[in-house]
$ cat target10.txt   # compact mmCIF, C-alpha atoms
# COMPACT_ATOMS: atom_id res chain seq x y z
CA MET A 1 21.42 93.68 181.70
CA GLU A 2 23.91 92.33 179.20
CA TYR A 3 23.32 88.98 177.46
CA LEU A 4 26.02 86.76 176.01
CA VAL A 5 25.90 83.60 173.90
CA LEU A 6 27.93 80.50 174.78
CA PRO A 7 27.90 77.81 172.04
CA ARG A 8 27.10 74.43 173.56
CA SER A 9 30.29 73.05 172.00
CA SER A 10 32.29 75.50 174.13
CA PHE A 11 30.66 74.65 177.45
CA ASP A 12 33.59 72.50 178.61
CA LEU A 13 36.00 75.31 177.77
CA PHE A 14 33.89 77.71 179.80
CA VAL A 15 33.97 75.43 182.85
CA GLU A 16 37.74 75.04 182.43
CA SER A 17 38.06 78.83 182.49
CA LEU A 18 36.11 78.90 185.78
CA VAL A 19 38.25 76.16 187.32
CA ARG A 20 41.37 78.14 186.51
CA ARG A 21 39.96 80.99 188.57
CA GLY A 22 39.24 78.91 191.68
CA LYS A 23 37.10 76.23 193.26
CA VAL A 24 33.95 75.45 191.25
CA VAL A 25 30.94 73.74 192.83
CA ALA A 26 28.04 72.43 190.72
CA PRO A 27 25.27 69.79 190.76
CA VAL A 28 26.68 66.28 190.37
CA ALA A 29 24.78 63.00 189.93
CA LYS A 30 25.21 60.59 192.85
CA GLY A 31 23.07 57.70 191.57
CA ASN A 32 19.51 56.58 192.38
CA GLY A 33 18.20 59.84 190.93
CA GLN A 34 19.97 61.94 193.59
CA PHE A 35 22.16 64.98 193.09
CA VAL A 36 24.50 67.01 195.29
CA PHE A 37 26.44 70.23 194.97
CA SER A 38 30.07 69.17 194.86
CA GLU A 39 33.41 70.37 193.51
CA VAL A 40 33.92 69.78 189.77
CA GLN A 41 36.96 69.90 187.52
CA LYS A 42 35.39 69.74 184.05
CA GLY A 43 32.12 70.33 182.25
CA SER A 44 31.27 66.62 181.95
CA ASP A 45 31.14 66.40 185.77
CA ILE A 46 28.13 68.72 185.86
CA ALA A 47 24.51 67.55 185.74
CA LEU A 48 22.73 70.22 183.70
CA ARG A 49 19.36 68.52 184.17
CA TYR A 50 18.74 67.61 187.77
CA ILE A 51 16.12 67.57 190.48
CA PRO A 52 16.94 69.76 193.49
CA THR A 53 20.04 68.51 195.27
CA ILE A 54 19.79 66.62 198.57
CA LEU A 55 21.06 69.66 200.47
CA PRO A 56 20.53 73.14 199.04
CA PRO A 57 23.44 75.50 198.30
CA LYS A 58 22.64 76.97 201.72
CA LYS A 59 25.37 74.66 203.03
CA TYR A 60 28.02 76.96 201.50
CA PHE A 61 26.52 80.18 202.83
CA MET A 62 25.63 78.80 206.26
CA PRO A 63 27.73 75.69 206.96
CA GLN A 64 26.31 72.89 209.08
CA TYR A 65 29.21 73.39 211.51
CA GLU A 66 30.87 76.80 211.70
CA THR A 67 33.48 78.18 214.08
CA LEU A 68 32.47 81.58 215.46
CA ALA A 69 35.29 82.06 217.96
CA GLU A 70 38.28 80.39 219.56
CA TYR A 71 39.40 80.67 223.15
CA ASP A 72 42.54 79.97 225.17
CA THR A 73 42.13 80.23 228.94
CA ARG A 74 45.90 80.30 229.38
CA ARG A 75 45.73 83.83 228.01
CA GLY A 76 42.69 84.92 229.97
CA GLN A 77 39.01 84.45 229.23
CA LYS A 78 38.92 86.39 225.97
CA LEU A 79 37.29 84.94 222.88
CA GLN A 80 38.95 85.54 219.52
CA PRO A 81 36.33 86.00 216.79
CA VAL A 82 36.70 83.79 213.73
CA VAL A 83 35.20 84.22 210.26
CA GLU A 84 35.60 81.11 208.13
CA VAL A 85 35.52 81.95 204.42
CA GLU A 86 36.17 80.07 201.22
CA SER A 87 36.27 81.61 197.76
CA LEU A 88 34.20 79.55 195.33
CA ILE A 89 32.08 79.70 192.20
CA LEU A 90 28.67 78.12 192.63
CA PHE A 91 27.39 76.99 189.23
CA GLY A 92 23.98 75.71 188.15
CA VAL A 93 21.73 77.10 190.88
CA HIS A 94 18.05 76.72 190.01
CA THR A 95 15.69 79.65 190.47
CA CYS A 96 14.07 78.07 193.55
CA ASP A 97 17.47 77.92 195.24
CA LEU A 98 18.30 81.45 194.12
CA ALA A 99 15.12 82.51 195.92
CA GLY A 100 16.34 80.60 198.98
CA ILE A 101 19.67 82.43 198.98
CA GLN A 102 17.82 85.74 198.72
CA CYS A 103 15.77 84.80 201.79
CA LEU A 104 18.96 84.10 203.74
CA ASP A 105 20.43 87.39 202.55
CA VAL A 106 17.39 89.24 203.90
CA VAL A 107 17.48 87.48 207.28
CA PHE A 108 21.21 87.82 207.95
CA SER A 109 21.24 91.44 206.78
CA ASP A 110 18.53 92.28 209.30
CA ARG A 111 19.57 93.70 212.65
CA PRO A 112 21.64 92.47 214.33
CA LYS A 113 23.57 91.79 211.15
CA ASP A 114 25.35 88.44 210.94
CA LEU A 115 28.85 89.39 209.85
CA ASN A 116 30.00 85.78 209.50
CA TYR A 117 27.32 85.16 206.90
CA LEU A 118 27.72 88.51 205.13
CA VAL A 119 31.51 88.21 204.81
CA ARG A 120 31.26 84.66 203.48
CA ARG A 121 28.57 85.75 201.03
CA GLU A 122 31.01 88.14 199.37
CA TYR A 123 33.41 85.29 198.61
CA ILE A 124 30.82 83.27 196.67
CA THR A 125 30.04 83.87 192.99
CA VAL A 126 26.60 82.56 192.02
CA ILE A 127 25.78 81.30 188.53
CA GLY A 128 22.12 80.43 188.07
CA LEU A 129 20.60 77.86 185.70
CA GLU A 130 17.07 78.10 184.33
CA CYS A 131 14.60 75.21 184.60
CA ASN A 132 12.88 74.82 181.23
CA ASP A 133 10.38 72.33 182.67
CA TYR A 134 9.39 70.75 185.98
CA CYS A 135 12.07 68.91 187.96
CA ASP A 136 9.51 66.37 189.22
CA THR A 137 6.04 66.17 190.74
CA TYR A 138 7.12 67.40 194.18
CA ALA A 139 7.90 70.94 193.00
CA SER A 140 5.49 73.80 193.68
CA CYS A 141 7.41 76.61 191.97
CA GLY A 142 4.30 77.51 189.97
CA LEU A 143 2.37 78.23 193.15
CA MET A 144 5.27 80.15 194.68
CA GLY A 145 6.17 82.01 191.49
CA THR A 146 9.83 80.99 191.59
CA PHE A 147 10.17 79.40 188.15
CA LEU A 148 11.59 82.58 186.63
CA PRO A 149 14.82 84.33 187.66
CA GLN A 150 14.28 87.22 190.04
CA GLY A 151 17.83 88.23 190.90
CA GLY A 152 20.28 86.82 193.39
CA TYR A 153 22.87 85.76 190.78
CA ASP A 154 26.03 87.10 189.21
CA LEU A 155 25.48 85.18 185.96
CA PHE A 156 22.40 83.32 184.79
CA PHE A 157 22.38 80.50 182.22
CA THR A 158 19.44 79.53 180.01
CA ASP A 159 19.76 76.38 177.92
CA LEU A 160 18.41 77.10 174.43
CA GLY A 161 19.59 73.94 172.70
CA GLU A 162 22.60 74.70 170.55
CA TYR A 163 23.73 77.45 172.86
CA PHE A 164 23.39 78.92 176.34
CA LEU A 165 22.20 82.47 176.80
CA ILE A 166 24.07 84.09 179.69
CA GLN A 167 22.62 87.06 181.52
CA VAL A 168 25.22 89.19 183.31
CA GLY A 169 23.70 90.28 186.62
CA THR A 170 26.51 91.97 188.55
CA GLN A 171 29.96 93.46 188.22
CA LYS A 172 31.36 90.26 189.71
CA GLY A 173 29.67 88.32 186.91
CA GLU A 174 30.98 90.70 184.29
CA ASP A 175 34.51 90.28 185.60
CA LEU A 176 34.09 86.52 185.33
CA VAL A 177 33.24 86.52 181.62
CA ARG A 178 35.43 89.39 180.50
CA ASP A 179 37.93 88.50 177.77
CA ILE A 180 36.58 84.97 177.17
CA PRO A 181 37.03 84.74 173.37
CA PHE A 182 34.28 82.22 172.56
CA LEU A 183 31.51 84.31 174.14
CA GLU A 184 29.53 86.57 171.81
CA ARG A 185 27.06 89.34 172.43
CA ALA A 186 23.45 88.19 172.09
CA GLN A 187 21.50 89.36 169.08
CA SER A 188 17.78 90.06 168.73
CA GLN A 189 17.03 86.50 167.59
CA HIS A 190 18.61 85.08 170.76
CA LEU A 191 16.50 87.32 172.98
CA ALA A 192 13.42 86.35 170.96
CA GLU A 193 14.13 82.68 171.69
CA LEU A 194 14.46 83.46 175.38
CA GLU A 195 11.15 85.32 175.34
CA ALA A 196 9.47 82.39 173.55
CA LEU A 197 10.85 79.92 176.12
CA ARG A 198 9.50 81.94 179.02
CA ALA A 199 6.13 82.29 177.31
CA ARG A 200 6.00 78.47 177.12
CA LYS A 201 7.02 78.25 180.76
CA ALA A 202 4.14 80.52 181.74
CA GLN A 203 1.81 77.84 180.38
CA ILE A 204 3.73 74.97 181.99
CA PHE A 205 4.22 76.35 185.49
CA ARG A 206 0.74 76.91 186.85
CA PRO A 207 -0.24 76.91 190.56
CA GLU A 208 0.02 73.27 191.65
CA VAL A 209 -2.62 73.85 194.33
CA PRO A 210 -5.78 75.76 193.34
CA VAL A 211 -5.34 78.65 195.77
CA ASP A 212 -4.50 82.29 195.27
CA ARG A 213 -0.92 82.89 196.48
CA ALA A 214 -1.90 86.37 197.70
CA PHE A 215 -4.32 84.80 200.21
CA LEU A 216 -1.84 82.29 201.67
CA PRO A 217 -0.83 84.40 204.72
CA ARG A 218 -4.49 85.06 205.58
CA MET A 219 -5.32 81.38 205.06
CA PHE A 220 -2.63 80.34 207.54
CA ARG A 221 -3.73 82.90 210.10
CA GLU A 222 -7.36 81.82 209.88
CA GLY A 223 -6.38 78.15 209.88
CA PHE A 224 -4.34 78.29 213.08
CA GLU A 225 -6.70 75.79 214.76
CA ALA A 226 -7.40 73.73 211.63
CA GLY A 227 -7.55 69.96 211.90
CA VAL A 228 -4.79 69.45 209.35
CA TRP A 229 -2.15 70.22 211.98
CA GLU A 230 -3.33 67.42 214.25
CA GLU A 231 -3.49 65.06 211.29
CA ILE A 232 0.05 65.65 210.07
CA GLY A 233 1.32 65.95 213.65
CA ASN A 234 0.15 62.39 214.31
CA ARG A 235 2.15 61.22 211.30
CA CYS A 236 5.28 63.30 211.89
CA LEU A 237 8.35 61.45 213.21
CA SER A 238 10.14 64.64 214.34
CA CYS A 239 13.17 63.56 212.33
CA ALA A 240 13.81 67.17 211.18
CA ASN A 241 14.58 66.04 207.62
CA CYS A 242 12.29 68.75 206.27
CA THR A 243 14.15 71.60 207.94
CA ASN A 244 17.60 70.14 207.21
CA VAL A 245 16.97 70.19 203.46
CA CYS A 246 15.00 73.45 203.33
CA PRO A 247 16.86 76.25 201.49
CA THR A 248 15.43 78.93 203.82
CA CYS A 249 15.58 77.33 207.29
CA TYR A 250 18.30 79.15 209.18
CA CYS A 251 17.84 78.27 212.87
CA PHE A 252 21.03 77.34 214.67
CA ASP A 253 22.39 76.42 218.08
CA VAL A 254 25.63 77.77 219.57
CA ARG A 255 27.91 75.41 221.51
CA ASP A 256 31.28 75.60 223.21
CA VAL A 257 33.53 72.69 222.24
CA PRO A 258 36.56 72.33 224.55
CA ASP A 259 39.73 70.62 223.45
CA VAL A 260 41.07 67.63 225.38
CA ASN A 261 43.31 69.89 227.47
CA LEU A 262 40.21 71.80 228.69
CA MET A 263 42.10 75.06 228.29
CA THR A 264 41.48 75.77 224.63
CA GLY A 265 38.47 75.28 222.42
CA ARG A 266 36.00 76.72 219.97
CA ARG A 267 32.57 78.26 219.98
CA ILE A 268 30.61 76.87 217.05
CA ARG A 269 27.16 77.15 215.60
CA VAL A 270 25.35 74.18 214.18
CA TRP A 271 22.09 73.75 212.30
CA ASP A 272 19.08 73.32 214.56
CA SER A 273 15.44 72.54 213.85
CA CYS A 274 12.10 73.76 215.18
CA GLN A 275 10.85 70.21 214.60
CA ASN A 276 12.94 68.90 217.49
CA GLU A 277 11.04 68.93 220.80
CA PRO A 278 13.90 70.54 222.82
CA PHE A 279 13.99 73.51 220.41
CA ALA A 280 11.26 75.43 222.25
CA LYS A 281 12.06 74.10 225.74
CA ILE A 282 13.06 76.62 228.41
CA ALA A 283 15.13 76.25 231.59
CA SER A 284 12.15 75.22 233.74
CA GLY A 285 11.57 72.23 231.48
CA GLU A 286 8.45 73.61 229.84
CA SER A 287 8.18 73.47 226.05
CA PHE A 288 6.18 76.02 224.10
CA ARG A 289 5.67 73.51 221.30
CA ALA A 290 5.68 70.12 223.01
CA GLU A 291 3.18 68.59 220.57
CA ARG A 292 4.27 67.58 217.08
CA SER A 293 1.16 69.23 215.66
CA ASP A 294 2.31 72.55 217.15
CA ARG A 295 5.73 72.13 215.60
CA LYS A 296 4.34 71.27 212.17
CA ARG A 297 2.04 74.29 212.26
CA HIS A 298 4.95 76.49 213.30
CA ARG A 299 7.11 75.30 210.40
CA PHE A 300 4.43 75.98 207.81
CA ASN A 301 3.69 79.41 209.27
CA ARG A 302 7.43 80.16 209.11
CA LYS A 303 7.19 79.68 205.34
CA PHE A 304 3.84 81.21 204.45
CA SER A 305 2.81 83.69 207.13
CA TYR A 306 5.37 85.09 209.58
CA PRO A 307 8.07 86.12 207.04
CA VAL A 308 5.47 87.80 204.83
CA LYS A 309 4.63 90.10 207.72
CA ARG A 310 8.27 90.79 208.59
CA TYR A 311 10.05 90.65 205.22
CA ASN A 312 7.19 90.85 202.70
CA ARG A 313 8.19 87.57 201.06
CA PHE A 314 7.40 83.88 201.30
CA PHE A 315 10.08 81.61 202.70
CA CYS A 316 8.91 78.61 200.71
CA THR A 317 10.66 78.46 197.34
CA GLY A 318 8.67 75.57 195.88
CA CYS A 319 11.73 73.31 195.59
CA GLY A 320 9.86 70.28 196.97
CA ARG A 321 12.75 69.00 199.09
CA CYS A 322 10.70 68.68 202.29
CA SER A 323 8.15 66.47 200.55
CA ARG A 324 10.82 64.32 198.88
CA VAL A 325 12.63 63.45 202.10
CA CYS A 326 9.70 63.13 204.52
CA MET A 327 9.68 59.59 205.93
CA ALA A 328 6.04 60.05 206.96
CA LYS A 329 5.07 61.09 203.41
CA ILE A 330 3.79 64.49 204.52
CA ASP A 331 3.45 66.41 201.27
CA LEU A 332 3.58 70.20 201.29
CA LYS A 333 1.10 70.61 198.44
CA GLU A 334 -1.37 68.18 200.02
CA THR A 335 -1.09 70.03 203.35
CA ILE A 336 -1.77 73.39 201.71
CA ALA A 337 -4.73 71.94 199.81
CA GLN A 338 -6.21 70.43 202.98
CA LEU A 339 -5.79 73.71 204.87
CA ALA A 340 -7.40 75.58 201.95
CA ARG A 341 -10.41 73.23 202.08
CA GLU A 342 -10.80 73.75 205.82
CA THR A 343 -10.56 77.54 205.56
CA GLY A 344 -12.59 77.95 202.37
CA TYR A 345 -9.75 79.23 200.18
CA LEU A 346 -9.60 76.25 197.82
CA LYS A 347 -10.71 77.23 194.33
CA VAL A 348 -13.34 74.96 192.80
$ encode --input "target10.txt" --output "structure tokens"
Amino acid sequence: MEYLVLPRSSFDLFVESLVRRGKVVAPVAKGNGQFVFSEVQKGSDIALRYIPTILPPKKYFMPQYETLAEYDTRRGQKLQPVVEVESLILFGVHTCDLAGIQCLDVVFSDRPKDLNYLVRREYITVIGLECNDYCDTYASCGLMGTFLPQGGYDLFFTDLGEYFLIQVGTQKGEDLVRDIPFLERAQSQHLAELEALRARKAQIFRPEVPVDRAFLPRMFREGFEAGVWEEIGNRCLSCANCTNVCPTCYCFDVRDVPDVNLMTGRRIRVWDSCQNEPFAKIASGESFRAERSDRKRHRFNRKFSYPVKRYNRFFCTGCGRCSRVCMAKIDLKETIAQLARETGYLKV
């Protein structure tokens, strides 16, 4: 891996060089302590210190509304496949969201492969940004081990005060920084500062819940009938906020949308949520998860148990979004702690 040094005074010039190459999307402050990924034109538009955005960068890889096909019955019943793509540079992605993108990559690369996702993925350049400290108290990136970069980026920025250290992760990233005159190769002292920062982070980011991460899948299997699910199910409003903001939730519905003439139209996919009661309802009217407690348990198992068995990785990234937006104040860390107490996995 190659490392480069970007003087802080040249940050605006660097962003200008990106903008000249194409559309740049980065975290932007929206007021009231909220941030969103949005298009930027200059370095001063970007929030370099931010809590996780309202919606994760998932919205660029898997849009909320996406056309899959178009049809015209005047020409027969054939559907014409559509792949909607947009070339963009995604700047400032925290490590928790990088982990979320990697989860989506794994899912949509599994059979049957999702070509719409995979093609769009190739058009997006990802530039990560290291968190030197906690975003806020909702994060659980210490427990999930996502506070350090573990791939999924083309370039990765670390803020070291007077300069940024840039790690080049892919050929696409190397092409992006090639021939930029104010970038210099990192020297041993720069790498030593990076190592010192990450040593400090190892002391800062400790498991936020006193449980062993390796035992989480077993804890969820053994706690399938735990009382915590009934407790949070009684509080849940089934608003689906938690799944809408989750960087790894990928469930979708497919709908046909006819035009006014009823002869042409589109087939689209839209985000869906396992927290909605109709999600698990079948044609006879029966629902496999009619109770809110069942739906809450399913969502947590989809983060900490099922994907570990299938993909050997957790699908919770520790970003804290679900806890931030929950109108019923259901906190992920509190839920895990309560389940750990009931199953005997809570460290004392």
$ residues_around --input "target10.txt" --residues "stretch 175-186 of chain A" --least-positions-apart "3" --cutoff "7 Å" --atoms "all atoms listed in the file" --output "compact mmCIF listing (two decimals) with C-alpha atoms, in the coordinates of the input"
# COMPACT_ATOMS: atom_id res chain seq x y z
CA TYR A 3 23.32 88.98 177.46
CA LEU A 4 26.02 86.76 176.01
CA VAL A 5 25.90 83.60 173.90
CA LEU A 6 27.93 80.50 174.78
CA GLN A 171 29.96 93.46 188.22
CA LYS A 172 31.36 90.26 189.71
CA HIS A 190 18.61 85.08 170.76
$ atom_distance --input "target10.txt" --atom1 "atom CA of A:Asn312" --atom2 "atom CA of A:Met219"
15.9 Å
$ atom_distance --input "target10.txt" --atom1 "atom CA of A:Gly31" --atom2 "atom CA of A:Phe157"
24.7 Å
$ atom_distance --input "target10.txt" --atom1 "atom CA of A:Arg297" --atom2 "atom CA of A:Tyr134"
27.5 Å
$ residues_around --input "target10.txt" --residues "stretch 239-253 of chain A" --least-positions-apart "5" --cutoff "6 Å" --atoms "all atoms listed in the file" --output "number ranges by chain"
A: 55-56, 58, 100, 269-272, 275, 322
$ residues_around --input "target10.txt" --residues "A:Glu208" --least-positions-apart "5" --cutoff "9 Å" --atoms "only C-alpha atoms" --output "PyMOL selection string"
chain A and resi 139-143+333
$ closest_residue --input "target10.txt" --among "A:Val260, A:Ala280, A:Ser87, A:Arg324" --to "A:Gln34" --atoms "all atoms listed in the file"
A:Arg324
$ residues_around --input "target10.txt" --residues "A:Arg292" --least-positions-apart "5" --cutoff "12 Å" --atoms "all atoms listed in the file" --output "number ranges by chain"
A: 229-240, 274-280, 287, 297-299
$ closest_atom_pairs --input "target10.txt" --of "stretch 180-199 of chain A" --to "stretch 123-132 of chain A" --cutoff "12 Å" --atoms "only C-alpha atoms" --output "CSV"
residue,atom,partner,partner_atom,distance
A:Leu194,CA,A:Asn132,CA,10.6
A:Ala196,CA,A:Asn132,CA,11.3
A:Leu197,CA,A:Asn132,CA,7.5
A:Arg198,CA,A:Asn132,CA,8.2
A:Ala199,CA,A:Asn132,CA,10.8
$ closest_residue --input "target10.txt" --among "A:Phe215, A:Phe220, A:Phe156, A:Tyr138" --to "A:Lys347" --atoms "all atoms listed in the file"
A:Phe215
$ closest_residue --input "target10.txt" --among "A:Asp45, A:Asp154, A:Asp294, A:Glu70" --to "A:Ala29" --atoms "all atoms listed in the file"
A:Asp45
$ residues_around --input "target10.txt" --residues "A:Val28" --least-positions-apart "6" --cutoff "12 Å" --atoms "only C-alpha atoms" --output "MDAnalysis selection string"
chainID A and resid 34:54 91:93
$ closest_residue --input "target10.txt" --among "A:Ile330, A:Leu346, A:Ile89, A:Cys319" --to "A:Thr137" --atoms "all atoms listed in the file"
A:Cys319
$ decode --input "target10.txt" --residues "stretch 122-142 of chain A" --atoms "N, CA and C atoms" --output "compact mmCIF listing (two decimals), in the first residue's frame"
# COMPACT_ATOMS: atom_id res chain seq x y z
N GLU A 122 -19.14 -0.19 -9.92
CA GLU A 122 -17.92 0.11 -10.66
C GLU A 122 -17.81 1.59 -11.01
N TYR A 123 -18.90 2.30 -11.00
CA TYR A 123 -18.90 3.72 -11.36
C TYR A 123 -18.64 4.63 -10.16
N ILE A 124 -18.51 4.05 -8.97
CA ILE A 124 -18.36 4.85 -7.76
C ILE A 124 -16.95 4.69 -7.21
N THR A 125 -16.26 5.80 -7.02
CA THR A 125 -14.95 5.82 -6.37
C THR A 125 -15.15 6.18 -4.90
N VAL A 126 -14.59 5.38 -4.01
CA VAL A 126 -14.81 5.55 -2.57
C VAL A 126 -13.54 6.06 -1.90
N ILE A 127 -13.68 7.19 -1.20
CA ILE A 127 -12.59 7.76 -0.42
C ILE A 127 -12.99 7.74 1.05
N GLY A 128 -12.30 6.95 1.83
CA GLY A 128 -12.63 6.82 3.25
C GLY A 128 -12.02 7.92 4.09
N LEU A 129 -12.54 8.07 5.30
CA LEU A 129 -12.05 9.08 6.25
C LEU A 129 -12.04 8.46 7.64
N GLU A 130 -10.89 8.48 8.28
CA GLU A 130 -10.73 7.83 9.59
C GLU A 130 -11.38 8.65 10.70
N CYS A 131 -12.01 7.95 11.64
CA CYS A 131 -12.52 8.58 12.87
C CYS A 131 -11.40 8.50 13.91
N ASN A 132 -10.95 9.66 14.39
CA ASN A 132 -9.90 9.66 15.41
C ASN A 132 -10.45 9.48 16.81
N ASP A 133 -11.77 9.67 16.96
CA ASP A 133 -12.44 9.52 18.26
C ASP A 133 -13.88 9.14 17.98
N TYR A 134 -14.66 8.93 19.06
CA TYR A 134 -16.05 8.57 18.90
C TYR A 134 -16.86 9.68 18.24
N CYS A 135 -17.83 9.27 17.40
CA CYS A 135 -18.76 10.25 16.82
C CYS A 135 -19.69 10.78 17.91
N ASP A 136 -20.31 9.87 18.65
CA ASP A 136 -21.18 10.21 19.78
C ASP A 136 -21.40 8.96 20.60
N THR A 137 -22.32 9.03 21.55
CA THR A 137 -22.51 7.91 22.49
C THR A 137 -23.32 6.77 21.90
N TYR A 138 -23.91 6.94 20.73
CA TYR A 138 -24.70 5.87 20.14
C TYR A 138 -23.84 4.82 19.44
N ALA A 139 -22.63 5.17 19.07
CA ALA A 139 -21.78 4.27 18.29
C ALA A 139 -21.37 3.04 19.09
N SER A 140 -21.23 1.93 18.39
CA SER A 140 -20.73 0.70 19.02
C SER A 140 -19.65 0.07 18.13
N CYS A 141 -18.83 0.94 17.54
CA CYS A 141 -17.79 0.44 16.63
C CYS A 141 -16.66 -0.25 17.37
N GLY A 142 -16.54 -0.01 18.69
CA GLY A 142 -15.57 -0.76 19.48
C GLY A 142 -16.00 -2.21 19.60
